[in-house]
Structure formats: structure tokens, C-alpha cells
>>> print(open('structure_8.cif').read())   # mmCIF, C-alpha atoms
data_work
loop_
_atom_site.label_atom_id
_atom_site.label_comp_id
_atom_site.auth_asym_id
_atom_site.auth_seq_id
_atom_site.Cartn_x
_atom_site.Cartn_y
_atom_site.Cartn_z
CA MET A 8 -22.15 -40.23 48.21
CA HIS A 9 -24.48 -37.53 47.06
CA ARG A 10 -27.46 -35.59 48.34
CA SER A 11 -29.53 -36.31 45.20
CA LEU A 12 -29.90 -39.92 46.33
CA ASP A 13 -31.98 -41.27 49.19
CA ARG A 14 -28.99 -41.91 51.41
CA ARG A 15 -30.80 -42.91 54.58
CA ARG A 16 -32.65 -45.61 52.65
CA LEU A 17 -29.65 -46.76 50.63
CA LEU A 18 -27.14 -46.64 53.48
CA THR A 19 -29.03 -48.67 56.09
CA ALA A 20 -26.75 -51.20 57.69
CA GLY A 21 -27.65 -54.87 57.22
CA ALA A 22 -26.46 -58.29 58.23
CA ALA A 23 -22.75 -59.02 58.29
CA LEU A 24 -21.04 -60.55 55.26
CA GLY A 25 -19.22 -63.82 55.57
CA GLY A 26 -15.62 -64.50 54.58
CA ALA A 27 -12.11 -65.17 55.77
CA ALA A 28 -10.65 -62.85 58.37
CA LEU A 29 -7.07 -62.83 57.12
CA LEU A 30 -5.56 -61.51 53.90
CA ALA A 31 -3.19 -64.06 52.39
CA PRO A 32 -1.64 -63.75 48.94
CA PHE A 33 -4.26 -64.36 46.27
CA PRO A 34 -3.62 -67.30 43.93
CA GLY A 35 -1.96 -66.12 40.74
CA ALA A 36 -1.38 -62.55 41.90
CA ALA A 37 2.41 -62.75 42.16
CA HIS A 38 2.76 -64.50 38.79
CA ALA A 39 0.46 -62.02 36.99
CA ALA A 40 2.36 -59.03 38.41
CA THR A 41 5.76 -60.18 37.12
CA GLY A 42 5.30 -58.99 33.55
CA THR A 43 4.40 -62.33 31.95
CA GLY A 44 2.09 -60.62 29.48
CA GLU A 45 -1.10 -61.86 31.15
CA THR A 46 -4.02 -59.46 30.96
CA TRP A 47 -5.41 -58.20 34.25
CA PRO A 48 -9.21 -57.91 34.42
CA ALA A 49 -10.63 -54.50 33.52
CA SER A 50 -13.52 -55.19 35.89
CA PHE A 51 -14.27 -57.77 38.56
CA PRO A 52 -17.20 -58.64 40.83
CA LEU A 53 -17.62 -57.63 44.44
CA PRO A 54 -19.76 -59.66 46.84
CA ASP A 55 -23.50 -59.58 46.20
CA GLY A 56 -25.24 -57.16 48.53
CA PHE A 57 -21.92 -55.56 49.56
CA GLN A 58 -22.87 -51.90 48.80
CA PRO A 59 -19.37 -50.56 48.08
CA GLU A 60 -18.45 -46.87 48.29
CA GLY A 61 -14.76 -46.27 49.04
CA ILE A 62 -11.64 -47.77 47.47
CA ALA A 63 -7.98 -47.71 48.49
CA ILE A 64 -4.87 -49.06 46.75
CA GLY A 65 -1.40 -48.95 48.28
CA SER A 66 2.04 -50.04 47.10
CA ARG A 67 0.89 -53.55 46.17
CA PRO A 68 -1.67 -54.53 43.50
CA TYR A 69 -4.60 -55.05 45.84
CA ALA A 70 -7.72 -52.92 46.13
CA TYR A 71 -9.64 -52.50 49.37
CA PHE A 72 -13.35 -51.67 49.44
CA GLY A 73 -15.60 -50.58 52.30
CA SER A 74 -19.22 -51.65 52.69
CA LEU A 75 -22.03 -49.20 53.34
CA ARG A 76 -24.18 -52.09 54.47
CA ASP A 77 -22.24 -53.26 57.49
CA GLY A 78 -18.76 -51.70 57.40
CA SER A 79 -16.90 -54.81 56.34
CA VAL A 80 -13.75 -54.52 54.22
CA TYR A 81 -13.18 -56.57 51.06
CA ALA A 82 -9.75 -56.98 49.45
CA ALA A 83 -9.25 -58.01 45.82
CA SER A 84 -6.22 -58.82 43.71
CA LEU A 85 -5.99 -56.49 40.72
CA ALA A 86 -4.17 -59.24 38.85
CA THR A 87 -6.92 -61.84 39.16
CA GLY A 88 -10.03 -60.01 40.38
CA ARG A 89 -10.44 -62.55 43.16
CA GLY A 90 -10.81 -61.46 46.76
CA ARG A 91 -12.28 -61.99 50.20
CA ILE A 92 -13.62 -60.20 53.23
CA ILE A 93 -10.63 -59.31 55.43
CA SER A 94 -12.47 -57.44 58.19
CA GLU A 95 -15.96 -58.39 59.29
CA GLY A 96 -18.55 -55.64 59.57
CA THR A 97 -19.72 -54.33 62.92
CA GLY A 98 -22.91 -52.73 61.61
CA ALA A 99 -21.29 -49.29 61.28
CA MET A 100 -20.84 -48.41 57.61
CA SER A 101 -17.53 -47.81 55.87
CA VAL A 102 -17.54 -44.88 53.44
CA GLY A 103 -14.24 -43.26 52.37
CA LEU A 104 -11.01 -45.12 53.09
CA LYS A 105 -7.29 -44.64 52.55
CA LEU A 106 -4.34 -46.98 53.09
CA ASP A 107 -1.05 -45.98 54.72
CA GLY A 108 2.39 -47.52 54.34
CA ALA A 109 1.93 -49.64 57.44
CA GLY A 110 -1.06 -51.45 55.96
CA ARG A 111 -3.66 -49.53 57.99
CA LEU A 112 -6.95 -48.41 56.52
CA PHE A 113 -8.35 -45.10 57.76
CA ILE A 114 -12.12 -45.26 57.34
CA GLY A 115 -14.95 -42.74 57.54
CA GLY A 116 -17.88 -44.36 59.32
CA GLY A 117 -20.77 -42.43 57.79
CA PHE A 118 -23.84 -42.01 59.99
CA SER A 119 -22.17 -44.01 62.78
CA ARG A 120 -20.04 -40.84 63.32
CA GLN A 121 -17.00 -43.05 63.67
CA ILE A 122 -13.46 -42.87 62.42
CA ARG A 123 -11.99 -46.37 62.35
CA VAL A 124 -8.50 -47.71 61.70
CA VAL A 125 -8.30 -51.28 60.42
CA ASP A 126 -5.24 -53.50 60.07
CA THR A 127 -5.26 -55.06 56.59
CA HIS A 128 -2.82 -57.79 57.67
CA GLY A 129 -5.18 -59.36 60.18
CA GLY A 130 -8.45 -57.48 59.82
CA ALA A 131 -8.48 -56.20 63.39
CA ILE A 132 -9.98 -52.81 64.21
CA LEU A 133 -7.02 -50.97 65.73
CA ALA A 134 -8.94 -47.92 66.94
CA THR A 135 -12.39 -46.35 66.85
CA TYR A 136 -13.08 -42.66 67.44
CA ASP A 137 -16.51 -41.05 67.86
CA VAL A 138 -16.76 -37.56 66.38
CA GLY A 139 -19.36 -35.00 65.42
CA THR A 140 -22.99 -34.74 66.49
CA PRO A 141 -26.10 -36.89 65.94
CA THR A 142 -26.57 -35.18 62.56
CA SER A 143 -23.03 -35.92 61.34
CA MET A 144 -21.94 -38.19 58.51
CA VAL A 145 -18.20 -38.91 58.41
CA ASN A 146 -17.52 -39.35 54.71
CA ASP A 147 -14.21 -39.19 52.85
CA VAL A 148 -10.58 -39.12 54.01
CA VAL A 149 -7.17 -38.01 52.80
CA LEU A 150 -3.85 -38.97 54.39
CA ARG A 151 -1.24 -36.26 54.81
CA PRO A 152 2.13 -36.51 56.60
CA GLY A 153 1.30 -36.82 60.28
CA ILE A 154 -2.48 -36.50 59.97
CA ALA A 155 -5.63 -37.92 58.36
CA TRP A 156 -8.40 -35.46 57.43
CA PHE A 157 -12.07 -36.46 57.16
CA THR A 158 -15.10 -34.63 55.78
CA ASP A 159 -18.48 -34.36 57.51
CA SER A 160 -21.20 -34.19 54.89
CA PHE A 161 -23.81 -32.61 57.17
CA ARG A 162 -21.70 -30.14 59.17
CA PRO A 163 -19.20 -27.46 58.03
CA VAL A 164 -16.19 -29.10 59.69
CA LEU A 165 -13.23 -31.32 58.99
CA TYR A 166 -11.92 -33.87 61.49
CA GLY A 167 -8.18 -34.32 61.88
CA LEU A 168 -6.65 -37.51 63.26
CA PRO A 169 -3.08 -36.52 64.21
CA LEU A 170 -0.48 -39.27 64.17
CA GLY A 171 2.62 -39.65 66.27
CA ARG A 172 6.17 -39.28 65.03
CA HIS A 173 6.26 -42.94 64.04
CA GLY A 174 2.63 -43.14 62.99
CA GLU A 175 1.22 -43.87 66.43
CA LEU A 176 -2.55 -43.52 66.68
CA PRO A 177 -3.73 -40.74 69.01
CA SER A 178 -5.96 -40.77 72.04
CA ALA A 179 -9.53 -39.59 71.47
CA ASP A 180 -8.94 -36.23 73.13
CA ARG A 181 -6.45 -35.26 70.40
CA ILE A 182 -8.97 -35.36 67.55
CA ILE A 183 -9.13 -31.98 65.78
CA THR A 184 -12.42 -30.42 64.71
CA ARG A 185 -11.69 -27.69 62.16
CA ASN A 186 -14.58 -25.33 61.34
CA LEU A 187 -14.92 -24.44 57.66
CA THR A 188 -15.13 -20.68 57.14
CA GLY A 189 -14.40 -18.11 54.41
CA GLU A 190 -16.41 -18.85 51.27
CA TRP A 191 -17.74 -22.17 52.53
CA LEU A 192 -21.51 -22.47 52.09
CA GLN A 193 -23.24 -25.17 54.10
CA GLY A 194 -26.33 -26.51 52.33
CA ALA A 195 -29.58 -27.55 53.92
CA ASP A 196 -28.38 -31.15 54.16
CA PHE A 197 -25.59 -33.02 52.34
CA THR A 198 -22.73 -30.66 51.41
CA ALA A 199 -19.10 -31.84 51.74
CA ASN A 200 -17.97 -34.95 49.92
CA GLY A 201 -14.55 -35.95 48.55
CA ILE A 202 -11.25 -34.62 49.86
CA GLU A 203 -7.70 -34.47 48.45
CA ARG A 204 -4.54 -32.37 48.74
CA THR A 205 -3.43 -29.57 46.45
CA PRO A 206 -0.49 -30.31 44.09
CA ASP A 207 1.85 -28.28 46.31
CA SER A 208 0.54 -30.14 49.39
CA ARG A 209 -0.06 -26.88 51.28
CA ALA A 210 -3.85 -27.11 51.38
CA LEU A 211 -6.79 -29.46 51.01
CA LEU A 212 -9.37 -29.74 48.23
CA VAL A 213 -12.96 -30.48 49.25
CA VAL A 214 -16.06 -30.99 47.12
CA ASN A 215 -18.98 -28.72 48.06
CA VAL A 216 -22.12 -29.82 46.20
CA ALA A 217 -24.24 -26.94 47.57
CA LEU A 218 -22.18 -23.96 46.41
CA ASP A 219 -22.73 -22.48 42.95
CA GLY A 220 -24.10 -25.65 41.41
CA GLY A 221 -21.28 -27.79 42.77
CA ALA A 222 -17.83 -26.41 43.52
CA LEU A 223 -14.33 -27.40 44.53
CA MET A 224 -12.98 -25.62 47.61
CA ARG A 225 -9.38 -25.02 48.63
CA VAL A 226 -9.14 -25.28 52.43
CA ASP A 227 -6.30 -24.12 54.65
CA PRO A 228 -6.05 -27.00 57.17
CA ARG A 229 -4.52 -24.70 59.81
CA THR A 230 -7.48 -22.31 59.92
CA GLY A 231 -10.37 -23.89 58.00
CA ASP A 232 -10.51 -20.94 55.62
CA ALA A 233 -12.15 -22.18 52.39
CA ARG A 234 -11.93 -20.50 48.99
CA LYS A 235 -13.62 -21.58 45.78
CA VAL A 236 -11.26 -23.03 43.17
CA ASP A 237 -11.65 -21.37 39.78
CA LEU A 238 -12.73 -24.20 37.46
CA GLY A 239 -14.10 -21.92 34.76
CA PRO A 240 -17.52 -23.12 33.58
CA LEU A 241 -17.16 -26.60 35.11
CA LYS A 242 -19.70 -27.49 37.82
CA ILE A 243 -19.45 -30.59 39.99
CA PRO A 244 -22.97 -31.09 41.37
CA ASN A 245 -22.35 -34.82 41.64
CA GLY A 246 -18.72 -34.56 42.74
CA ASP A 247 -17.76 -37.47 44.96
CA GLY A 248 -14.30 -39.02 45.23
CA LEU A 249 -11.18 -37.06 44.27
CA LEU A 250 -7.90 -38.51 43.03
CA LEU A 251 -4.81 -36.35 42.43
CA LEU A 252 -2.08 -37.68 40.14
CA GLY A 253 0.57 -35.03 39.60
CA ARG A 254 -1.45 -31.94 38.72
CA LEU A 255 -4.36 -33.88 37.25
CA LEU A 256 -7.37 -34.11 39.53
CA TYR A 257 -9.83 -36.89 38.75
CA VAL A 258 -13.29 -35.83 39.98
CA VAL A 259 -15.78 -38.69 40.09
CA GLN A 260 -19.15 -37.23 39.03
CA GLN A 261 -21.03 -40.02 40.71
CA ALA A 262 -24.67 -39.85 39.54
CA GLN A 263 -23.48 -38.79 36.08
CA SER A 264 -21.36 -41.97 35.83
CA ALA A 265 -18.37 -39.96 34.64
CA ILE A 266 -14.95 -38.69 35.70
CA ASP A 267 -14.01 -35.08 34.98
CA VAL A 268 -10.24 -34.65 34.70
CA VAL A 269 -9.00 -31.19 35.72
CA ARG A 270 -5.48 -29.81 35.36
CA LEU A 271 -4.70 -27.70 38.46
CA ASN A 272 -2.04 -25.10 39.09
CA GLU A 273 0.44 -25.93 41.84
CA ALA A 274 -1.43 -24.04 44.54
CA GLY A 275 -4.74 -25.64 43.64
CA THR A 276 -6.45 -22.27 43.21
CA LYS A 277 -7.34 -22.73 39.54
CA GLY A 278 -8.09 -25.61 37.22
CA VAL A 279 -9.02 -26.30 33.61
CA LEU A 280 -11.11 -29.23 32.40
CA VAL A 281 -8.95 -31.56 30.30
CA THR A 282 -11.46 -34.27 29.43
CA ARG A 283 -14.42 -36.27 30.65
CA ILE A 284 -14.06 -40.03 30.99
CA THR A 285 -17.10 -42.24 30.53
CA ASP A 286 -17.33 -46.00 30.21
CA PRO A 287 -20.12 -48.50 29.52
CA GLY A 288 -19.12 -50.27 32.73
CA PHE A 289 -19.86 -47.26 34.94
CA ARG A 290 -22.90 -47.84 37.16
CA ILE A 291 -22.69 -44.82 39.42
CA PRO A 292 -19.05 -45.07 40.51
CA THR A 293 -18.21 -43.18 43.68
CA THR A 294 -14.47 -43.08 44.36
CA ALA A 295 -11.22 -43.76 42.54
CA ALA A 296 -7.72 -45.14 43.16
CA ALA A 297 -4.83 -45.75 40.78
CA TRP A 298 -2.50 -48.63 40.01
CA GLY A 299 -0.10 -48.38 37.10
CA ASP A 300 -1.84 -46.90 34.10
CA ARG A 301 -5.36 -47.73 35.33
CA ILE A 302 -7.93 -45.96 37.50
CA TYR A 303 -10.13 -48.31 39.55
CA LEU A 304 -13.62 -47.40 40.80
CA PRO A 305 -16.35 -49.25 42.71
CA ASN A 306 -19.84 -49.10 41.22
CA ALA A 307 -22.18 -48.12 44.06
CA ARG A 308 -25.39 -48.52 42.01
CA PHE A 309 -27.24 -45.89 44.05
CA ASP A 310 -30.04 -45.97 41.48
CA VAL A 311 -31.28 -49.39 42.62
CA GLU A 312 -32.72 -50.62 45.89
CA PRO A 313 -29.93 -52.52 47.68
CA MET A 314 -30.88 -56.11 48.35
CA PRO A 315 -28.85 -59.11 49.59
CA GLY A 316 -28.63 -60.39 46.02
CA THR A 317 -27.81 -57.08 44.31
CA ASP A 318 -24.68 -57.48 42.20
CA TYR A 319 -21.79 -55.03 42.53
CA ASP A 320 -18.47 -54.71 40.79
CA ALA A 321 -15.34 -52.62 40.35
CA VAL A 322 -14.31 -51.23 36.98
CA SER A 323 -11.10 -49.71 35.63
CA VAL A 324 -10.31 -47.17 32.92
CA ALA A 325 -7.06 -45.89 31.47
CA ARG A 326 -5.57 -42.90 33.24
CA ILE A 327 -4.97 -39.78 31.21
#
>>> encode(input="structure_8.cif", output="C-alpha cells")
Amino acid sequence: MHRSLDRRRLLTAGAALGGAALLAPFPGAAHAATGTGETWPASFPLPDGFQPEGIAIGSRPYAYFGSLRDGSVYAASLATGRGRIISEGTGAMSVGLKLDGAGRLFIGGGFSRQIRVVDTHGGAILATYDVGTPTSMVNDVVLRPGIAWFTDSFRPVLYGLPLGRHGELPSADRIITRNLTGEWLQGADFTANGIERTPDSRALLVVNVALDGGALMRVDPRTGDARKVDLGPLKIPNGDGLLLLGRLLYVVQQAQSAIDVVRLNEAGTKGVLVTRITDPGFRIPTTAAAWGDRIYLPNARFDVEPMPGTDYDAVSVARI
């Protein structure tokens, strides 16, 4: 999401979406994934009125999307484009989400101030954690070995959800609140957005839309010390979701309907713009996930008033 948009109007929760509660194999998905030469759809529809924001793809060709409207989760086959609601919304929005190897989605709950964990196999909410203050917005998430880190777009903190040795979910009293210090500049309102790891996995990368016209920050997760990444002349005022593939960082410039691709050094302290990806199908995409040689993004359409009949879709482009 981004501060330039009327978030409190656009992100108001609505009525729950209908759909099946369980994720079964989608018709045709297995056949299309076996190398028969069939063409997978470059874009596919999401439910009308869904208000997508986050996307997650794991080790199988399915994409998961969270709803800003009511927090429901929609799963779609990348092979066919068909999908269904696998977890009904509770009224608390779903913003950023990531999928672990056990089939669990870790979800930032936006203005609900929740962190939720959802089982993609049955759609059950495995855990809910309340974090932050009444002014918080829990936004994006990155999974690291043993911990999930979440941004708060209205406070200079990260939230850490530490996992047990075998991935066990923690009790609420173990949630970490890491203050962002160093060169971090907290804006008057919306500031932190997308989050990723550095190529060497020693630090985190966080979008700061308030600093120097939009900057990427390298954050030490042990201390919260944040330092601006040298991107040369590149600004990311509309930086939203981040996707790291090798040393290439895909920065979704949401309101610009573009992806800036940056080549980072191993430490994530410096980067050089490689190219900008645009596509006629982009309608304010927010986040990105990869499968094979494609990058998939949900179109959030933040430039229109969300209505029950507003159409939404996901689009894909070739990775660099």
C-alpha cells in the first residue's frame, strides 16, 4: 500500500466473500504442469470486490491472495487461472502474506493490528496475535529461518514472530518489537512498506517512502539499526512489495504501475537499476511472487472506489 492513496477509504472491511473452505487440486492443474506444451494464462481474474494486496507462491504452482476487504484468502492455479476462497474473511484485512514449507500463510492484518497464521490445507486460522498500538498498520512480511518479520507502516518498528525448532508457533508474549533507529526517518503518516532479506541473508531490506523521496533501508534485525541503501539516482516513492531473486531485487512501484529491477551487492548496501518493467495489464500492482520464469502480481486498483462488483485480476510478466 502507499500513503498517496486514501487508504482508510479504500481499505474499509466489507461483507465476507463466499466460496469453498478447502483447497483441493484444481481441475487441469496437474496435467498443465507436466510439460505438455499447454500455455498457462498470463493473467487471470480474482473475485469481484475482493480488493487484493498480497500474493504468495510456494513450491507448487498455486498463488495465494489476501483480501483488504475482509481478510479472506483466495487460491488460484497458475496453470489454469481458476481458484476459490480457501479461508473465509473475519472482517480483519489481509495485507502482506508469505507461505512457508508447511503450507502456512503468515499474514499482516493491516489496521486490525493482527498477525495471523492460516493453514492453506484446510483454511483454518492457526493463530492470531495482536501487536502495535491503535495507530498501527501491520503491512508486509518476510520469512527468515526461525522467524517472520512484519512492517508497521505507521510506527518505526518491526514485529518478529519467532518460531520453534520445528516451526512451532510462539505464545503471544514472545512477539518481538524491534525499534527502527539509525538513519530511519518516520514520516507524518505512512512510512514503511515492503520487506525482504539482503542477498547474504544477514539483514533485512525495508521500503521507506518518507526518506529522501522514497528509499530502501538495510536493517540489522538484531538491533533495528537502519541504513539507507545506495541506489544512485533511483527513488522509490511508490515502493511497495519487494521480491529478491538471487541478487536482483524487484521493487513494485505501485502507483506508477511499474517494477524497478535493482542489482544489489551481496550485503545489500548498494544497488544499481537494471531495468524498469511495465505492462499494459498493470493496474496498480502491489506485490510480487515468482514461479518459473514469470513474476505474478495482483492488481489492487487503488485508483478506483472499491465496490462489490469491482473487477480485479492478477497479471504476470517475464522475470529478468
>>> residues_around(input="structure_8.cif", residues="Ala297 of chain A", least_positions_apart="4", cutoff="9 Å", atoms="all atoms listed in the file", output="number ranges by chain")
A: 63-65, 250, 252, 301-304, 326
>>> resolve_selection(input="structure_8.cif", expression="the PyMOL selection byres ((chain A and resi 268-282) around 8)", output="ChimeraX atom specification")
/A:205-207,209-210,212,225,235-239,241,254-258,266-267,283-284
>>> closest_residue(input="structure_8.cif", among="A:Ile114, A:Ala233, A:Leu223, A:Met314", to="Asn245 of chain A", atoms="only C-alpha atoms")
A:Leu223
>>> residues_near_point(input="structure_8.cif", point="(-8.7, -44.4, 66.3)", cutoff="8 Å", atoms="all atoms listed in the file", output="list of chain:residue names")
A:Ile122, A:Arg123, A:Val124, A:Leu133, A:Ala134, A:Thr135, A:Tyr136, A:Leu168, A:Leu176, A:Pro177, A:Ser178, A:Ala179
>>> resolve_selection(input="structure_8.cif", expression="the PyMOL selection byres ((chain A and resi 162) around 10)", output="JSON, numbers by chain")
{"A": [139, 140, 142, 143, 144, 145, 158, 159, 160, 161, 163, 164, 165, 186, 187, 193, 194, 195, 196, 197, 198, 199]}
>>> atom_distance(input="structure_8.cif", atom1="atom CA of Asn200 of chain A", atom2="atom CA of Ile182 of chain A")
19.8 Å
>>> resolve_selection(input="structure_8.cif", expression="the PyMOL selection byres ((chain A and resi 106) around 9)", output="list of chain:residue names")
A:Ala63, A:Ile64, A:Gly65, A:Tyr71, A:Leu104, A:Lys105, A:Asp107, A:Gly108, A:Ala109, A:Gly110, A:Arg111, A:Leu112, A:Phe113, A:Thr127, A:Leu150
>>> closest_residue(input="structure_8.cif", among="A:Val259, A:Lys242, A:Ser119, A:Gly316", to="Thr293 of chain A", atoms="only C-alpha atoms")
A:Val259
>>> closest_residue(input="structure_8.cif", among="A:Gly248, A:Gly88, A:Pro59, A:Gly253", to="Met100 of chain A", atoms="all atoms listed in the file")
A:Pro59
>>> closest_residue(input="structure_8.cif", among="A:Thr230, A:Ala131, A:Ser66, A:Phe309", to="Ala296 of chain A", atoms="all atoms listed in the file")
A:Ser66
>>> closest_residue(input="structure_8.cif", among="A:Pro315, A:Gly153, A:Gly103, A:Gly299", to="Leu249 of chain A", atoms="all atoms listed in the file")
A:Gly103
>>> residues_near_point(input="structure_8.cif", point="(-20.0, -52.7, 58.0)", cutoff="7 Å", atoms="all atoms listed in the file", output="list in words")
Ala20, Ala23, Ser74, Leu75, Arg76, Asp77, Gly78, Ser79, Gly96, Thr97, Gly98, Ala99, Met100 and Ser101 of chain A
>>> closest_atom_pairs(input="structure_8.cif", of="segment 275-302 of chain A", to="segment 319-322 of chain A", cutoff="9 Å", atoms="only C-alpha atoms", output="JSON lines")
{"residue": "A:Gly288", "atom": "CA", "partner": "A:Val322", "partner_atom": "CA", "distance": 6.5}
{"residue": "A:Phe289", "atom": "CA", "partner": "A:Val322", "partner_atom": "CA", "distance": 7.1}
{"residue": "A:Arg290", "atom": "CA", "partner": "A:Asp320", "partner_atom": "CA", "distance": 8.9}
{"residue": "A:Pro292", "atom": "CA", "partner": "A:Ala321", "partner_atom": "CA", "distance": 8.4}
{"residue": "A:Ile302", "atom": "CA", "partner": "A:Val322", "partner_atom": "CA", "distance": 8.3}
>>> write_last_selection(input="structure_8.cif", atoms="C-alpha atoms", output="short mmCIF file (atom, residue, chain, number, x, y, z; two decimals), in the coordinates of the input")
data_model
loop_
_atom_site.label_atom_id
_atom_site.label_comp_id
_atom_site.auth_asym_id
_atom_site.auth_seq_id
_atom_site.Cartn_x
_atom_site.Cartn_y
_atom_site.Cartn_z
CA GLY A 288 -19.12 -50.27 32.73
CA PHE A 289 -19.86 -47.26 34.94
CA ARG A 290 -22.90 -47.84 37.16
CA PRO A 292 -19.05 -45.07 40.51
CA ILE A 302 -7.93 -45.96 37.50
#
>>> residues_around(input="structure_8.cif", residues="Ala155 of chain A", least_positions_apart="2", cutoff="7 Å", atoms="all atoms listed in the file", output="list in words")
Val148, Val149, Leu150, Arg151, Phe157, Gly167, Leu168 and Pro169 of chain A
>>> closest_residue(input="structure_8.cif", among="A:Val138, A:Val102, A:Val213, A:Ala222", to="Ile243 of chain A", atoms="all atoms listed in the file")
A:Ala222
>>> atom_distance(input="structure_8.cif", atom1="atom CA of Phe72 of chain A", atom2="atom CA of Leu53 of chain A")
8.9 Å
>>> atom_distance(input="structure_8.cif", atom1="atom CA of Ala83 of chain A", atom2="atom CA of Phe57 of chain A")
13.4 Å
>>> axis_aligned_box(input="structure_8.cif", around="segment 166-181 of chain A", padding_each_side="4 Å", output="AutoDock Vina command-line options")
--center_x -2.8 --center_y -38.9 --center_z 67.3 --size_x 26.2 --size_y 18.0 --size_z 19.6
>>> build_atoms(input="structure_8.cif", residues="segment 275-286 of chain A", atoms="N, CA and C atoms", output="tab-separated table (two decimals), in the frame of the given file")
chain	number	residue	atom	x	y	z
A	275	GLY	N	-3.39	-25.12	43.58
A	275	GLY	CA	-4.74	-25.64	43.64
A	275	GLY	C	-5.80	-24.56	43.70
A	276	THR	N	-5.48	-23.36	43.20
A	276	THR	CA	-6.45	-22.27	43.21
A	276	THR	C	-7.22	-22.16	41.90
A	277	LYS	N	-6.72	-22.83	40.85
A	277	LYS	CA	-7.34	-22.73	39.54
A	277	LYS	C	-7.16	-24.04	38.80
A	278	GLY	N	-8.18	-24.39	38.00
A	278	GLY	CA	-8.09	-25.61	37.22
A	278	GLY	C	-8.83	-25.49	35.91
A	279	VAL	N	-8.41	-26.30	34.94
A	279	VAL	CA	-9.02	-26.30	33.61
A	279	VAL	C	-9.42	-27.73	33.27
A	280	LEU	N	-10.65	-27.90	32.79
A	280	LEU	CA	-11.11	-29.23	32.40
A	280	LEU	C	-10.30	-29.74	31.22
A	281	VAL	N	-9.73	-30.94	31.37
A	281	VAL	CA	-8.95	-31.56	30.30
A	281	VAL	C	-9.83	-32.48	29.46
A	282	THR	N	-10.60	-33.33	30.13
A	282	THR	CA	-11.46	-34.27	29.43
A	282	THR	C	-12.46	-34.85	30.40
A	283	ARG	N	-13.46	-35.50	29.86
A	283	ARG	CA	-14.42	-36.27	30.65
A	283	ARG	C	-14.29	-37.73	30.24
A	284	ILE	N	-14.16	-38.60	31.24
A	284	ILE	CA	-14.06	-40.03	30.99
A	284	ILE	C	-15.41	-40.69	31.28
A	285	THR	N	-15.91	-41.42	30.32
A	285	THR	CA	-17.10	-42.24	30.53
A	285	THR	C	-16.76	-43.67	30.11
A	286	ASP	N	-17.59	-44.60	30.54
A	286	ASP	CA	-17.33	-46.00	30.21
A	286	ASP	C	-18.63	-46.77	30.32
